[in-house]
$ cat work-v3.cif   # mmCIF, C-alpha atoms and all ligand atoms
data_protein
loop_
_atom_site.label_atom_id
_atom_site.label_comp_id
_atom_site.auth_asym_id
_atom_site.auth_seq_id
_atom_site.Cartn_x
_atom_site.Cartn_y
_atom_site.Cartn_z
CA MET A 226 0.00 0.00 0.00
CA ALA A 227 3.05 2.24 0.16
CA GLY A 228 2.69 4.99 -2.42
CA VAL A 229 -1.08 4.71 -2.56
CA GLY A 230 -2.09 5.76 0.93
CA THR A 231 -5.09 4.66 2.91
CA ARG A 232 -7.34 7.52 1.84
CA ARG A 233 -6.87 6.98 -1.89
CA ALA A 234 -7.17 3.23 -1.43
CA ALA A 235 -10.38 3.70 0.59
CA ALA A 236 -11.80 5.83 -2.24
CA ALA A 237 -10.85 3.11 -4.74
CA VAL A 238 -12.41 0.47 -2.47
CA GLU A 239 -15.65 2.46 -2.41
CA ARG A 240 -15.67 2.71 -6.19
CA LEU A 241 -15.02 -1.04 -6.56
CA ILE A 242 -17.67 -1.99 -3.98
CA ALA A 243 -20.23 0.24 -5.69
CA GLY A 244 -19.21 -1.28 -9.05
CA TYR A 245 -19.45 -4.88 -7.87
CA ARG A 246 -22.82 -4.22 -6.19
CA GLY A 247 -24.23 -2.09 -8.99
CA GLY A 248 -25.48 -4.98 -11.09
CA GLY A 249 -23.88 -3.51 -14.24
CA PRO A 250 -20.58 -4.56 -15.81
CA ALA A 251 -17.85 -5.25 -13.24
CA PRO A 252 -15.51 -2.35 -12.56
CA ALA A 253 -12.20 -2.57 -14.42
CA LEU A 254 -8.98 -2.64 -12.41
CA ARG A 255 -7.61 0.43 -14.17
CA ASP A 256 -4.60 1.60 -12.23
CA ARG A 257 -2.35 1.12 -9.24
CA ASP A 258 -4.93 2.56 -6.80
CA ASP A 259 -7.57 0.12 -8.02
CA VAL A 260 -5.38 -2.96 -7.78
CA ALA A 261 -3.91 -1.95 -4.43
CA ALA A 262 -7.47 -1.50 -3.18
CA TYR A 263 -8.47 -4.85 -4.67
CA ALA A 264 -5.49 -6.59 -3.08
CA ALA A 265 -6.17 -4.98 0.30
CA TYR A 266 -9.89 -5.53 0.63
CA ARG A 267 -10.99 -8.27 -1.83
CA MET A 268 -7.99 -10.55 -2.30
CA PRO A 269 -7.97 -11.81 1.32
CA ALA A 270 -11.56 -12.96 0.80
CA THR A 271 -11.14 -14.47 -2.68
CA PHE A 272 -7.97 -16.17 -1.39
CA GLN A 273 -9.89 -17.82 1.46
CA ALA A 274 -12.74 -18.87 -0.82
CA VAL A 275 -10.38 -20.44 -3.37
CA ARG A 276 -8.35 -22.03 -0.59
CA ALA A 277 -11.53 -23.63 0.78
CA ALA A 278 -12.51 -24.90 -2.69
CA LEU A 279 -9.04 -26.30 -3.39
CA GLY A 280 -8.96 -27.76 0.13
CA ALA A 281 -12.18 -29.62 -0.58
CA LEU A 282 -10.67 -30.94 -3.82
CA ALA A 283 -7.53 -32.05 -1.97
CA GLY A 284 -9.73 -33.74 0.65
CA ALA A 285 -11.50 -35.75 -2.05
CA ALA A 286 -8.31 -36.53 -3.97
CA PRO A 287 -5.68 -36.95 -1.25
CA GLY A 288 -3.13 -38.63 -3.51
CA TRP A 289 -3.26 -35.96 -6.17
CA ALA A 290 -1.37 -32.66 -6.45
CA PRO A 291 -1.10 -30.40 -9.49
CA ASP A 292 2.31 -30.19 -11.13
CA SER A 293 1.27 -27.04 -12.96
CA HIS A 294 -1.38 -24.38 -12.51
CA LEU A 295 -3.14 -22.05 -14.95
CA ASP A 296 -5.13 -19.26 -13.28
CA VAL A 297 -7.53 -17.66 -15.75
CA GLY A 298 -8.56 -14.07 -14.92
CA GLY A 299 -6.19 -14.39 -12.00
CA GLY A 300 -5.89 -10.68 -11.20
CA THR A 301 -3.49 -10.17 -8.32
CA GLY A 302 -3.04 -13.93 -7.89
CA ALA A 303 -5.33 -14.98 -5.03
CA ALA A 304 -5.64 -18.50 -6.50
CA VAL A 305 -1.87 -18.82 -6.88
CA TRP A 306 -1.42 -18.24 -3.14
CA ALA A 307 -4.37 -20.52 -2.39
CA ALA A 308 -2.86 -23.36 -4.45
CA ALA A 309 0.43 -22.94 -2.59
CA ALA A 310 -1.41 -23.05 0.75
CA VAL A 311 -3.11 -26.33 -0.19
CA TRP A 312 -0.23 -27.97 -2.08
CA PRO A 313 3.04 -26.38 -0.90
CA ALA A 314 5.93 -26.94 -3.27
CA GLY A 315 7.56 -30.22 -2.31
CA PRO A 316 10.80 -32.01 -3.05
CA ALA A 317 9.56 -32.57 -6.58
CA GLY A 318 10.36 -28.91 -7.18
CA PRO A 319 8.15 -25.95 -7.90
CA ARG A 320 5.11 -26.28 -10.08
CA THR A 321 4.88 -24.02 -13.06
CA THR A 322 2.22 -21.37 -12.58
CA VAL A 323 0.73 -19.09 -15.23
CA VAL A 324 -1.68 -16.25 -14.50
CA LEU A 325 -3.73 -14.70 -17.31
CA ASP A 326 -5.59 -11.40 -16.97
CA GLN A 327 -6.48 -8.39 -19.06
CA ALA A 328 -5.51 -5.86 -16.36
CA GLU A 329 -1.83 -5.03 -16.55
CA PRO A 330 -1.79 -3.21 -13.17
CA ALA A 331 -3.22 -6.33 -11.49
CA LEU A 332 -0.58 -8.56 -13.07
CA THR A 333 2.19 -6.15 -12.06
CA LEU A 334 1.08 -5.99 -8.43
CA GLY A 335 0.45 -9.74 -8.38
CA GLY A 336 4.01 -10.31 -9.56
CA GLU A 337 5.39 -7.95 -6.93
CA LEU A 338 3.48 -9.68 -4.14
CA ALA A 339 4.50 -13.11 -5.40
CA ALA A 340 8.16 -12.13 -5.50
CA GLY A 341 8.12 -12.05 -1.70
CA ALA A 342 6.51 -15.47 -1.26
CA ALA A 343 8.20 -18.28 0.63
CA ASP A 344 6.84 -20.87 -1.79
CA PRO A 345 9.02 -21.17 -4.91
CA ALA A 346 5.99 -21.98 -7.09
CA VAL A 347 4.46 -18.62 -6.19
CA ARG A 348 7.74 -16.80 -6.78
CA ALA A 349 8.18 -18.49 -10.16
CA ALA A 350 4.66 -17.64 -11.39
CA GLU A 351 4.43 -16.09 -14.84
CA TRP A 352 2.02 -13.19 -15.37
CA HIS A 353 0.61 -12.74 -18.88
CA ARG A 354 -1.74 -10.13 -20.25
CA ARG A 355 -4.63 -11.81 -22.04
CA ALA A 356 -8.13 -10.55 -22.78
CA LEU A 357 -10.70 -13.33 -22.60
CA GLY A 358 -13.18 -13.12 -25.43
CA ALA A 359 -10.83 -11.16 -27.70
CA ALA A 360 -9.43 -14.28 -29.36
CA PRO A 361 -11.02 -17.71 -29.13
CA ALA A 362 -10.57 -18.58 -25.44
CA GLY A 363 -7.89 -21.09 -24.78
CA SER A 364 -6.35 -20.91 -28.24
CA ALA A 365 -2.93 -20.36 -26.70
CA TRP A 366 -3.36 -21.85 -23.24
CA ALA A 367 -0.70 -24.31 -22.27
CA PRO A 368 -2.06 -27.47 -20.66
CA ALA A 369 -1.90 -27.47 -16.85
CA GLY A 370 -2.63 -29.96 -14.10
CA LEU A 371 -4.96 -27.49 -12.40
CA VAL A 372 -6.99 -24.72 -14.03
CA THR A 373 -8.69 -22.20 -11.75
CA VAL A 374 -11.32 -19.64 -12.76
CA SER A 375 -12.06 -17.63 -9.66
CA TYR A 376 -14.49 -14.72 -9.41
CA VAL A 377 -14.22 -14.19 -13.17
CA LEU A 378 -17.23 -15.75 -14.91
CA GLY A 379 -19.55 -13.07 -13.52
CA GLU A 380 -17.50 -10.43 -15.32
CA LEU A 381 -17.89 -12.06 -18.73
CA PRO A 382 -20.74 -12.15 -21.25
CA GLU A 383 -22.46 -15.53 -21.32
CA LYS A 384 -20.93 -16.57 -24.62
CA VAL A 385 -17.39 -15.85 -23.40
CA ARG A 386 -18.19 -17.57 -20.11
CA ARG A 387 -19.06 -20.78 -21.97
CA GLU A 388 -15.94 -20.47 -24.14
CA VAL A 389 -13.74 -19.97 -21.08
CA VAL A 390 -15.15 -23.03 -19.28
CA ALA A 391 -14.80 -25.11 -22.46
CA ALA A 392 -11.21 -23.94 -22.83
CA ALA A 393 -10.49 -24.65 -19.15
CA ALA A 394 -11.90 -28.16 -19.60
CA GLN A 395 -9.63 -28.65 -22.59
CA ALA A 396 -6.49 -27.20 -21.02
CA ALA A 397 -6.75 -29.04 -17.70
CA GLU A 398 -4.94 -32.32 -17.46
CA GLY A 399 -6.19 -32.95 -13.92
CA ALA A 400 -8.74 -30.62 -12.39
CA VAL A 401 -10.82 -27.52 -13.09
CA VAL A 402 -11.99 -25.40 -10.16
CA VAL A 403 -14.53 -22.62 -10.68
CA VAL A 404 -15.33 -20.23 -7.82
CA GLU A 405 -17.98 -17.50 -7.85
CA PRO A 406 -19.63 -15.25 -5.27
CA GLY A 407 -22.11 -17.18 -3.10
CA THR A 408 -25.15 -15.40 -4.52
CA PRO A 409 -28.06 -17.00 -6.41
CA GLU A 410 -26.51 -15.68 -9.66
CA GLY A 411 -23.02 -16.91 -8.76
CA TYR A 412 -24.49 -20.34 -7.97
CA LEU A 413 -26.26 -20.46 -11.36
CA ARG A 414 -23.00 -19.66 -13.14
CA VAL A 415 -21.25 -22.42 -11.19
CA LEU A 416 -24.11 -24.79 -12.02
CA ALA A 417 -23.77 -24.03 -15.75
CA ALA A 418 -19.98 -24.53 -15.57
CA ARG A 419 -20.50 -27.78 -13.65
CA GLN A 420 -22.80 -29.12 -16.37
CA GLN A 421 -20.33 -28.11 -19.06
CA LEU A 422 -17.56 -29.93 -17.24
CA VAL A 423 -19.69 -33.06 -16.73
CA ASP A 424 -20.65 -32.97 -20.44
CA ALA A 425 -16.93 -32.76 -21.25
CA GLY A 426 -16.36 -36.00 -19.33
CA TYR A 427 -15.33 -34.58 -15.95
CA GLU A 428 -16.29 -36.04 -12.59
CA VAL A 429 -17.35 -33.62 -9.84
CA LEU A 430 -15.33 -34.19 -6.65
CA ALA A 431 -16.54 -31.23 -4.56
CA PRO A 432 -18.69 -29.85 -3.15
CA CYS A 433 -21.19 -32.30 -4.64
CA PRO A 434 -21.23 -35.98 -3.63
CA HIS A 435 -22.13 -36.87 -7.24
CA SER A 436 -22.06 -35.54 -10.79
CA ALA A 437 -25.84 -35.85 -11.30
CA ARG A 438 -28.39 -33.04 -11.19
CA CYS A 439 -28.03 -30.59 -8.31
CA PRO A 440 -30.97 -31.06 -5.90
CA MET A 441 -31.06 -27.30 -5.24
CA GLU A 442 -31.58 -26.51 -8.93
CA GLY A 443 -34.96 -24.93 -9.53
CA THR A 444 -35.60 -24.34 -5.81
CA ALA A 445 -35.46 -21.05 -3.92
CA ASP A 446 -32.19 -22.23 -2.40
CA TRP A 447 -28.67 -22.03 -3.79
CA CYS A 448 -25.56 -24.01 -2.94
CA HIS A 449 -23.00 -21.81 -1.25
CA PHE A 450 -20.53 -21.84 1.60
CA ALA A 451 -18.69 -19.33 3.78
CA ALA A 452 -15.00 -18.79 4.43
CA ARG A 453 -13.87 -16.88 7.51
CA VAL A 454 -11.53 -13.99 6.67
CA GLN A 455 -9.54 -12.35 9.46
CA ARG A 456 -9.30 -8.64 8.74
CA SER A 457 -5.97 -6.94 9.29
CA ALA A 458 -5.89 -3.37 10.62
CA LEU A 459 -5.19 -2.21 7.05
CA HIS A 460 -8.12 -4.22 5.72
CA ARG A 461 -10.43 -2.61 8.30
CA ARG A 462 -9.12 0.86 7.49
CA VAL A 463 -9.55 0.68 3.72
CA LYS A 464 -12.95 -0.93 4.04
CA GLY A 465 -14.16 1.28 6.86
CA GLY A 466 -15.23 -1.85 8.76
CA GLU A 467 -15.07 -2.36 12.50
CA LEU A 468 -15.31 -6.13 12.80
CA GLY A 469 -12.14 -8.18 13.07
CA HIS A 470 -13.42 -10.70 10.55
CA GLU A 471 -15.87 -11.24 7.71
CA ASP A 472 -17.42 -14.32 6.16
CA GLU A 473 -16.94 -14.57 2.43
CA LYS A 474 -19.84 -16.41 0.80
CA PHE A 475 -18.89 -18.40 -2.26
CA SER A 476 -20.12 -21.12 -4.63
CA TYR A 477 -17.75 -23.48 -6.34
CA VAL A 478 -17.21 -26.65 -8.29
CA ALA A 479 -14.09 -28.81 -8.43
CA ALA A 480 -14.09 -31.44 -11.15
CA VAL A 481 -11.48 -33.88 -12.39
CA ARG A 482 -10.77 -35.30 -15.80
CA VAL A 483 -9.30 -38.58 -14.64
CA PRO A 484 -10.44 -40.57 -11.62
CA ALA A 485 -8.21 -38.91 -9.04
CA GLY A 486 -10.28 -39.61 -5.96
CA ALA A 487 -13.88 -39.91 -4.90
CA PRO A 488 -16.41 -37.36 -3.74
CA ALA A 489 -17.44 -37.41 -0.09
CA PRO A 490 -20.62 -39.43 0.64
CA ALA A 491 -22.31 -36.18 1.69
CA ARG A 492 -21.58 -32.52 2.36
CA VAL A 493 -22.88 -30.23 5.08
CA VAL A 494 -24.84 -27.49 3.30
CA ARG A 495 -25.94 -25.36 6.29
CA HIS A 496 -24.51 -24.31 9.63
CA PRO A 497 -25.02 -27.39 11.86
CA GLN A 498 -27.60 -26.81 14.61
CA LEU A 499 -26.49 -27.79 18.10
CA ARG A 500 -29.15 -28.95 20.58
CA LYS A 501 -28.71 -30.55 23.96
CA GLY A 502 -27.14 -33.93 23.19
CA LEU A 503 -27.98 -33.58 19.49
CA VAL A 504 -26.48 -32.17 16.31
CA LEU A 505 -28.80 -31.50 13.36
CA LEU A 506 -27.10 -31.67 9.98
CA GLU A 507 -28.47 -30.62 6.62
CA LEU A 508 -26.69 -32.61 3.97
CA CYS A 509 -26.41 -32.98 0.24
CA THR A 510 -26.11 -36.73 -0.24
CA ALA A 511 -25.18 -39.03 -3.10
CA GLY A 512 -28.32 -41.18 -2.96
CA GLU A 513 -31.06 -39.11 -1.36
CA GLY A 514 -30.46 -35.57 -2.53
CA LEU A 515 -30.92 -33.06 0.27
CA ALA A 516 -31.41 -34.80 3.59
CA ARG A 517 -31.53 -33.97 7.28
CA THR A 518 -29.88 -36.14 9.84
CA THR A 519 -29.76 -35.98 13.62
CA VAL A 520 -26.69 -37.25 15.41
CA SER A 521 -27.20 -37.98 19.08
CA LYS A 522 -24.81 -38.20 21.97
CA ARG A 523 -25.45 -41.94 22.11
CA GLN A 524 -23.57 -42.26 18.82
CA GLY A 525 -20.28 -41.54 20.61
CA PRO A 526 -17.48 -40.85 18.12
CA ARG A 527 -19.89 -39.81 15.40
CA TYR A 528 -21.51 -37.30 17.78
CA ARG A 529 -18.12 -35.85 18.63
CA ALA A 530 -17.35 -35.59 14.91
CA ALA A 531 -20.71 -33.92 14.29
CA ARG A 532 -19.98 -31.32 16.98
CA ASP A 533 -16.77 -30.41 15.13
CA VAL A 534 -18.12 -30.48 11.60
CA ARG A 535 -18.75 -27.17 9.88
CA TRP A 536 -20.81 -25.84 7.02
CA GLY A 537 -19.05 -26.96 3.83
CA ASP A 538 -17.30 -29.98 5.35
CA ALA A 539 -17.57 -33.52 4.03
CA TRP A 540 -19.75 -35.88 6.04
CA PRO A 541 -18.98 -38.25 7.60
CA PRO A 542 -15.41 -37.14 8.25
CA PRO A 543 -12.97 -39.32 6.30
CA GLU A 544 -11.64 -41.09 9.39
CA ASP A 545 -15.17 -42.10 10.50
CA ASP A 546 -15.73 -45.84 10.06
CA GLY A 547 -19.23 -45.18 8.74
CA HIS A 548 -20.98 -47.27 11.38
CA GLY A 549 -21.95 -44.34 13.56
CA GLY A 550 -21.65 -46.03 16.93
CA THR A 551 -24.68 -47.55 18.56
C1 LIG B 1 -13.00 -10.08 -9.32
S1 LIG B 1 -11.43 -10.18 -10.10
C2 LIG B 1 -10.89 -11.83 -9.61
C3 LIG B 1 -9.41 -11.93 -9.57
C4 LIG B 1 -8.87 -13.21 -8.99
N1 LIG B 1 -9.18 -14.36 -9.82
C5 LIG B 1 -9.35 -13.43 -7.57
O1 LIG B 1 -10.00 -14.46 -7.31
O2 LIG B 1 -9.10 -12.57 -6.72
C6 LIG B 1 -11.85 -10.45 -11.79
C7 LIG B 1 -10.65 -10.47 -12.69
O3 LIG B 1 -11.06 -10.86 -14.00
C8 LIG B 1 -10.35 -10.07 -14.92
N2 LIG B 1 -11.14 -10.00 -16.16
C9 LIG B 1 -12.40 -9.56 -16.31
N3 LIG B 1 -12.78 -9.64 -17.60
C10 LIG B 1 -11.70 -10.14 -18.27
C11 LIG B 1 -11.45 -10.43 -19.64
N4 LIG B 1 -12.38 -10.24 -20.59
N5 LIG B 1 -10.24 -10.93 -19.97
C12 LIG B 1 -9.29 -11.13 -19.03
N6 LIG B 1 -9.46 -10.87 -17.74
C13 LIG B 1 -10.66 -10.38 -17.35
C14 LIG B 1 -10.23 -8.73 -14.23
O4 LIG B 1 -9.19 -7.94 -14.79
C15 LIG B 1 -9.96 -9.12 -12.81
O5 LIG B 1 -8.60 -9.27 -12.53
#

$ encode --input "work-v3.cif" --output "structure tokens"
Amino acid sequence: MAGVGTRRAAAAVERLIAGYRGGGPAPALRDRDDVAAYAAYRMPATFQAVRAALGALAGAAPGWAPDSHLDVGGGTGAAVWAAAAVWPAGPAGPRTTVVLDQAEPALTLGGELAAGAADPAVRAAEWHRRALGAAPAGSAWAPAGLVTVSYVLGELPEKVRREVVAAAAQAAEGAVVVVEPGTPEGYLRVLAARQQLVDAGYEVLAPCPHSARCPMEGTADWCHFAARVQRSALHRRVKGGELGHEDEKFSYVAAVRVPAGAPAPARVVRHPQLRKGLVLLELCTAGEGLARTTVSKRQGPRYRAARDVRWGDAWPPPEDDGHGGT
């Protein structure tokens, strides 16, 4: 934030917030003030959302890790940091990472932030200017183990959105992860991307326990989750917020091209309700669609697991033997 100053960044934050909420085209990240503002107030939240989505993918495919990463519309690189948080560079050496975006100031700041990273894969990331929709999407995308498209589809016309998902499906050698805001519209964009991926032969590993029709489709409900974001003092200042945290609502899909794991039997789709000696879980299940289950204290280990489980987690937890006690 040096060289921008809190007041100018706060003004840029206000402009971006008004732009994102306005319902019109998304605000462009035009200059250094805009991208500094984006990095200070939005990137912590998009980072946590992508980290949660990638974490769910890693949970469903524990033996898999991407050897390369393409981040489409990557902006200041939230998904690059999220991938490094989930799959830190190991002895196999750094992954190759490529970020594509139309906003040069975002790529420049992203590169500067990444240069200070501990993870060599983040430091080695390449930042390329590319306008989606200008040329056929994906015409020059190098194949990558993981392709992420985070908080981008909502900024694109529908035709380009479809092209980008098709290109992501083609470029990915392992997994495609799409993340959108956790609004009804964001969910519908994720749902459309999910169907495109399934039609392209992908298997959904998270959040869904299956690749069949979403049981929330056509209802008043929408599938979304929340990621806790701790706000730094700077974050609070530029956003004018008092609270020490915020919950970023997001929708996502993580799908794989080759069988790399298996989806969880069910996922918790609401905050669990705690009652005396009981935990009430609302689940999306493989066989029964949306289902409610009550776990009682008599179920011992499963009850203890249910007390710890959170909205967005797999159920039962992987270490559970599935018998649920007595
Ligand atoms: C809300 S930001 C998301 C950035 C990043 N993926 C994240 O999760 O924080 C949307 C990004 O999409 C980029 N974008 C929007 N339309 C684009 C287009 N037609 N071509 C390339 N990038 C685009 C913007 O420049 C911006 O960096």

$ axis_aligned_box --input "work-v3.cif" --around "ligand LIG 1 (chain B)" --padding-each-side "5 Å" --output "lines of an AutoDock Vina configuration file"
center_x = -10.8
center_y = -11.2
center_z = -13.7
size_x = 14.4
size_y = 16.5
size_z = 23.9

$ residues_around --input "work-v3.cif" --residues "Glu507 of chain A" --least-positions-apart "4" --cutoff "9 Å" --atoms "all atoms listed in the file" --output "MDAnalysis selection string"
chainID A and resid 492:498 515:519

$ residues_near_ligand --input "work-v3.cif" --ligand "ligand LIG 1 (chain B)" --cutoff "9 Å" --atoms "only C-alpha atoms and all ligand atoms" --output "PyMOL selection string"
chain A and resi 245+251-255+260+263-264+267-272+274-275+296-304+325-332+354-359+373-382+385+404-405

$ residues_near_point --input "work-v3.cif" --point "(0.9, 1.6, 0.5)" --cutoff "10 Å" --atoms "all atoms listed in the file" --output "list in words"
Met226, Ala227, Gly228, Val229, Gly230, Thr231, Arg233, Ala234, Asp258, Ala261, Ala262, Ala265 and Leu459 of chain A

$ residues_around --input "work-v3.cif" --residues "Ala367 of chain A" --least-positions-apart "3" --cutoff "12 Å" --atoms "only C-alpha atoms" --output "list in words"
Ser293, His294, Leu295, Asp296, Val297, Thr321, Thr322, Val323, Val324, Leu325, Ala362, Gly363, Ser364, Gly370, Leu371, Val372, Ala392, Ala393, Gln395, Ala396, Ala397 and Glu398 of chain A

$ residues_around --input "work-v3.cif" --residues "Ala343 of chain A" --least-positions-apart "4" --cutoff "12 Å" --atoms "all atoms listed in the file" --output "PyMOL selection string"
chain A and resi 306+309-310+313-314+319+338-339+347-349

$ write_last_selection --input "work-v3.cif" --atoms "C-alpha atoms" --output "compact mmCIF listing (two decimals), in the frame of the given file"
# COMPACT_ATOMS: atom_id res chain seq x y z
CA TRP A 306 -1.42 -18.24 -3.14
CA ALA A 309 0.43 -22.94 -2.59
CA ALA A 310 -1.41 -23.05 0.75
CA PRO A 313 3.04 -26.38 -0.90
CA ALA A 314 5.93 -26.94 -3.27
CA PRO A 319 8.15 -25.95 -7.90
CA LEU A 338 3.48 -9.68 -4.14
CA ALA A 339 4.50 -13.11 -5.40
CA VAL A 347 4.46 -18.62 -6.19
CA ARG A 348 7.74 -16.80 -6.78
CA ALA A 349 8.18 -18.49 -10.16

$ closest_residue --input "work-v3.cif" --among "A:Val483, A:Ala530, A:Leu422, A:Leu241" --to "Trp289 of chain A" --atoms "all atoms listed in the file"
A:Val483

$ residues_around --input "work-v3.cif" --residues "segment 462-473 of chain A" --least-positions-apart "5" --cutoff "6 Å" --atoms "all atoms listed in the file" --output "short mmCIF file (atom, residue, chain, number, x, y, z; two decimals) with C-alpha atoms, in the coordinates of the input"
data_model
loop_
_atom_site.label_atom_id
_atom_site.label_comp_id
_atom_site.auth_asym_id
_atom_site.auth_seq_id
_atom_site.Cartn_x
_atom_site.Cartn_y
_atom_site.Cartn_z
CA ALA A 235 -10.38 3.70 0.59
CA ALA A 270 -11.56 -12.96 0.80
CA ALA A 451 -18.69 -19.33 3.78
CA ALA A 452 -15.00 -18.79 4.43
CA ARG A 453 -13.87 -16.88 7.51
CA VAL A 454 -11.53 -13.99 6.67
CA GLN A 455 -9.54 -12.35 9.46
CA ARG A 456 -9.30 -8.64 8.74
#

$ residues_around --input "work-v3.cif" --residues "Pro490 of chain A" --least-positions-apart "6" --cutoff "10 Å" --atoms "only C-alpha atoms" --output "ChimeraX atom specification"
/A:433-435,508-512,539-543

$ closest_residue --input "work-v3.cif" --among "A:Asp538, A:His460, A:Ala281, A:Glu351" --to "Ala480 of chain A" --atoms "only C-alpha atoms"
A:Ala281

$ atom_distance --input "work-v3.cif" --atom1 "atom CA of Ala286 of chain A" --atom2 "atom CA of Val429 of chain A"
11.2 Å

$ closest_residue --input "work-v3.cif" --among "A:Asp292, A:Asp259, A:Val415, A:Arg527" --to "Val402 of chain A" --atoms "only C-alpha atoms"
A:Val415

$ atom_distance --input "work-v3.cif" --atom1 "atom CA of Pro484 of chain A" --atom2 "atom CA of Glu428 of chain A"
7.5 Å

$ residues_near_point --input "work-v3.cif" --point "(-21.8, -20.1, 0.2)" --cutoff "8 Å" --atoms "all atoms listed in the file" --output "list in words"
Pro406, Gly407, Thr408, Cys448, His449, Phe450, Ala451, Glu473, Lys474, Phe475 and Ser476 of chain A

$ atom_distance --input "work-v3.cif" --atom1 "atom CA of Ala479 of chain A" --atom2 "atom CA of Arg387 of chain A"
16.5 Å

$ closest_residue --input "work-v3.cif" --among "A:Gly443, A:Gly280, A:Gly502, A:Gly399" --to "Leu416 of chain A" --atoms "only C-alpha atoms"
A:Gly443

$ closest_residue --input "work-v3.cif" --among "A:Arg532, A:Arg276, A:Arg523, A:Arg461" --to "Leu505 of chain A" --atoms "only C-alpha atoms"
A:Arg532
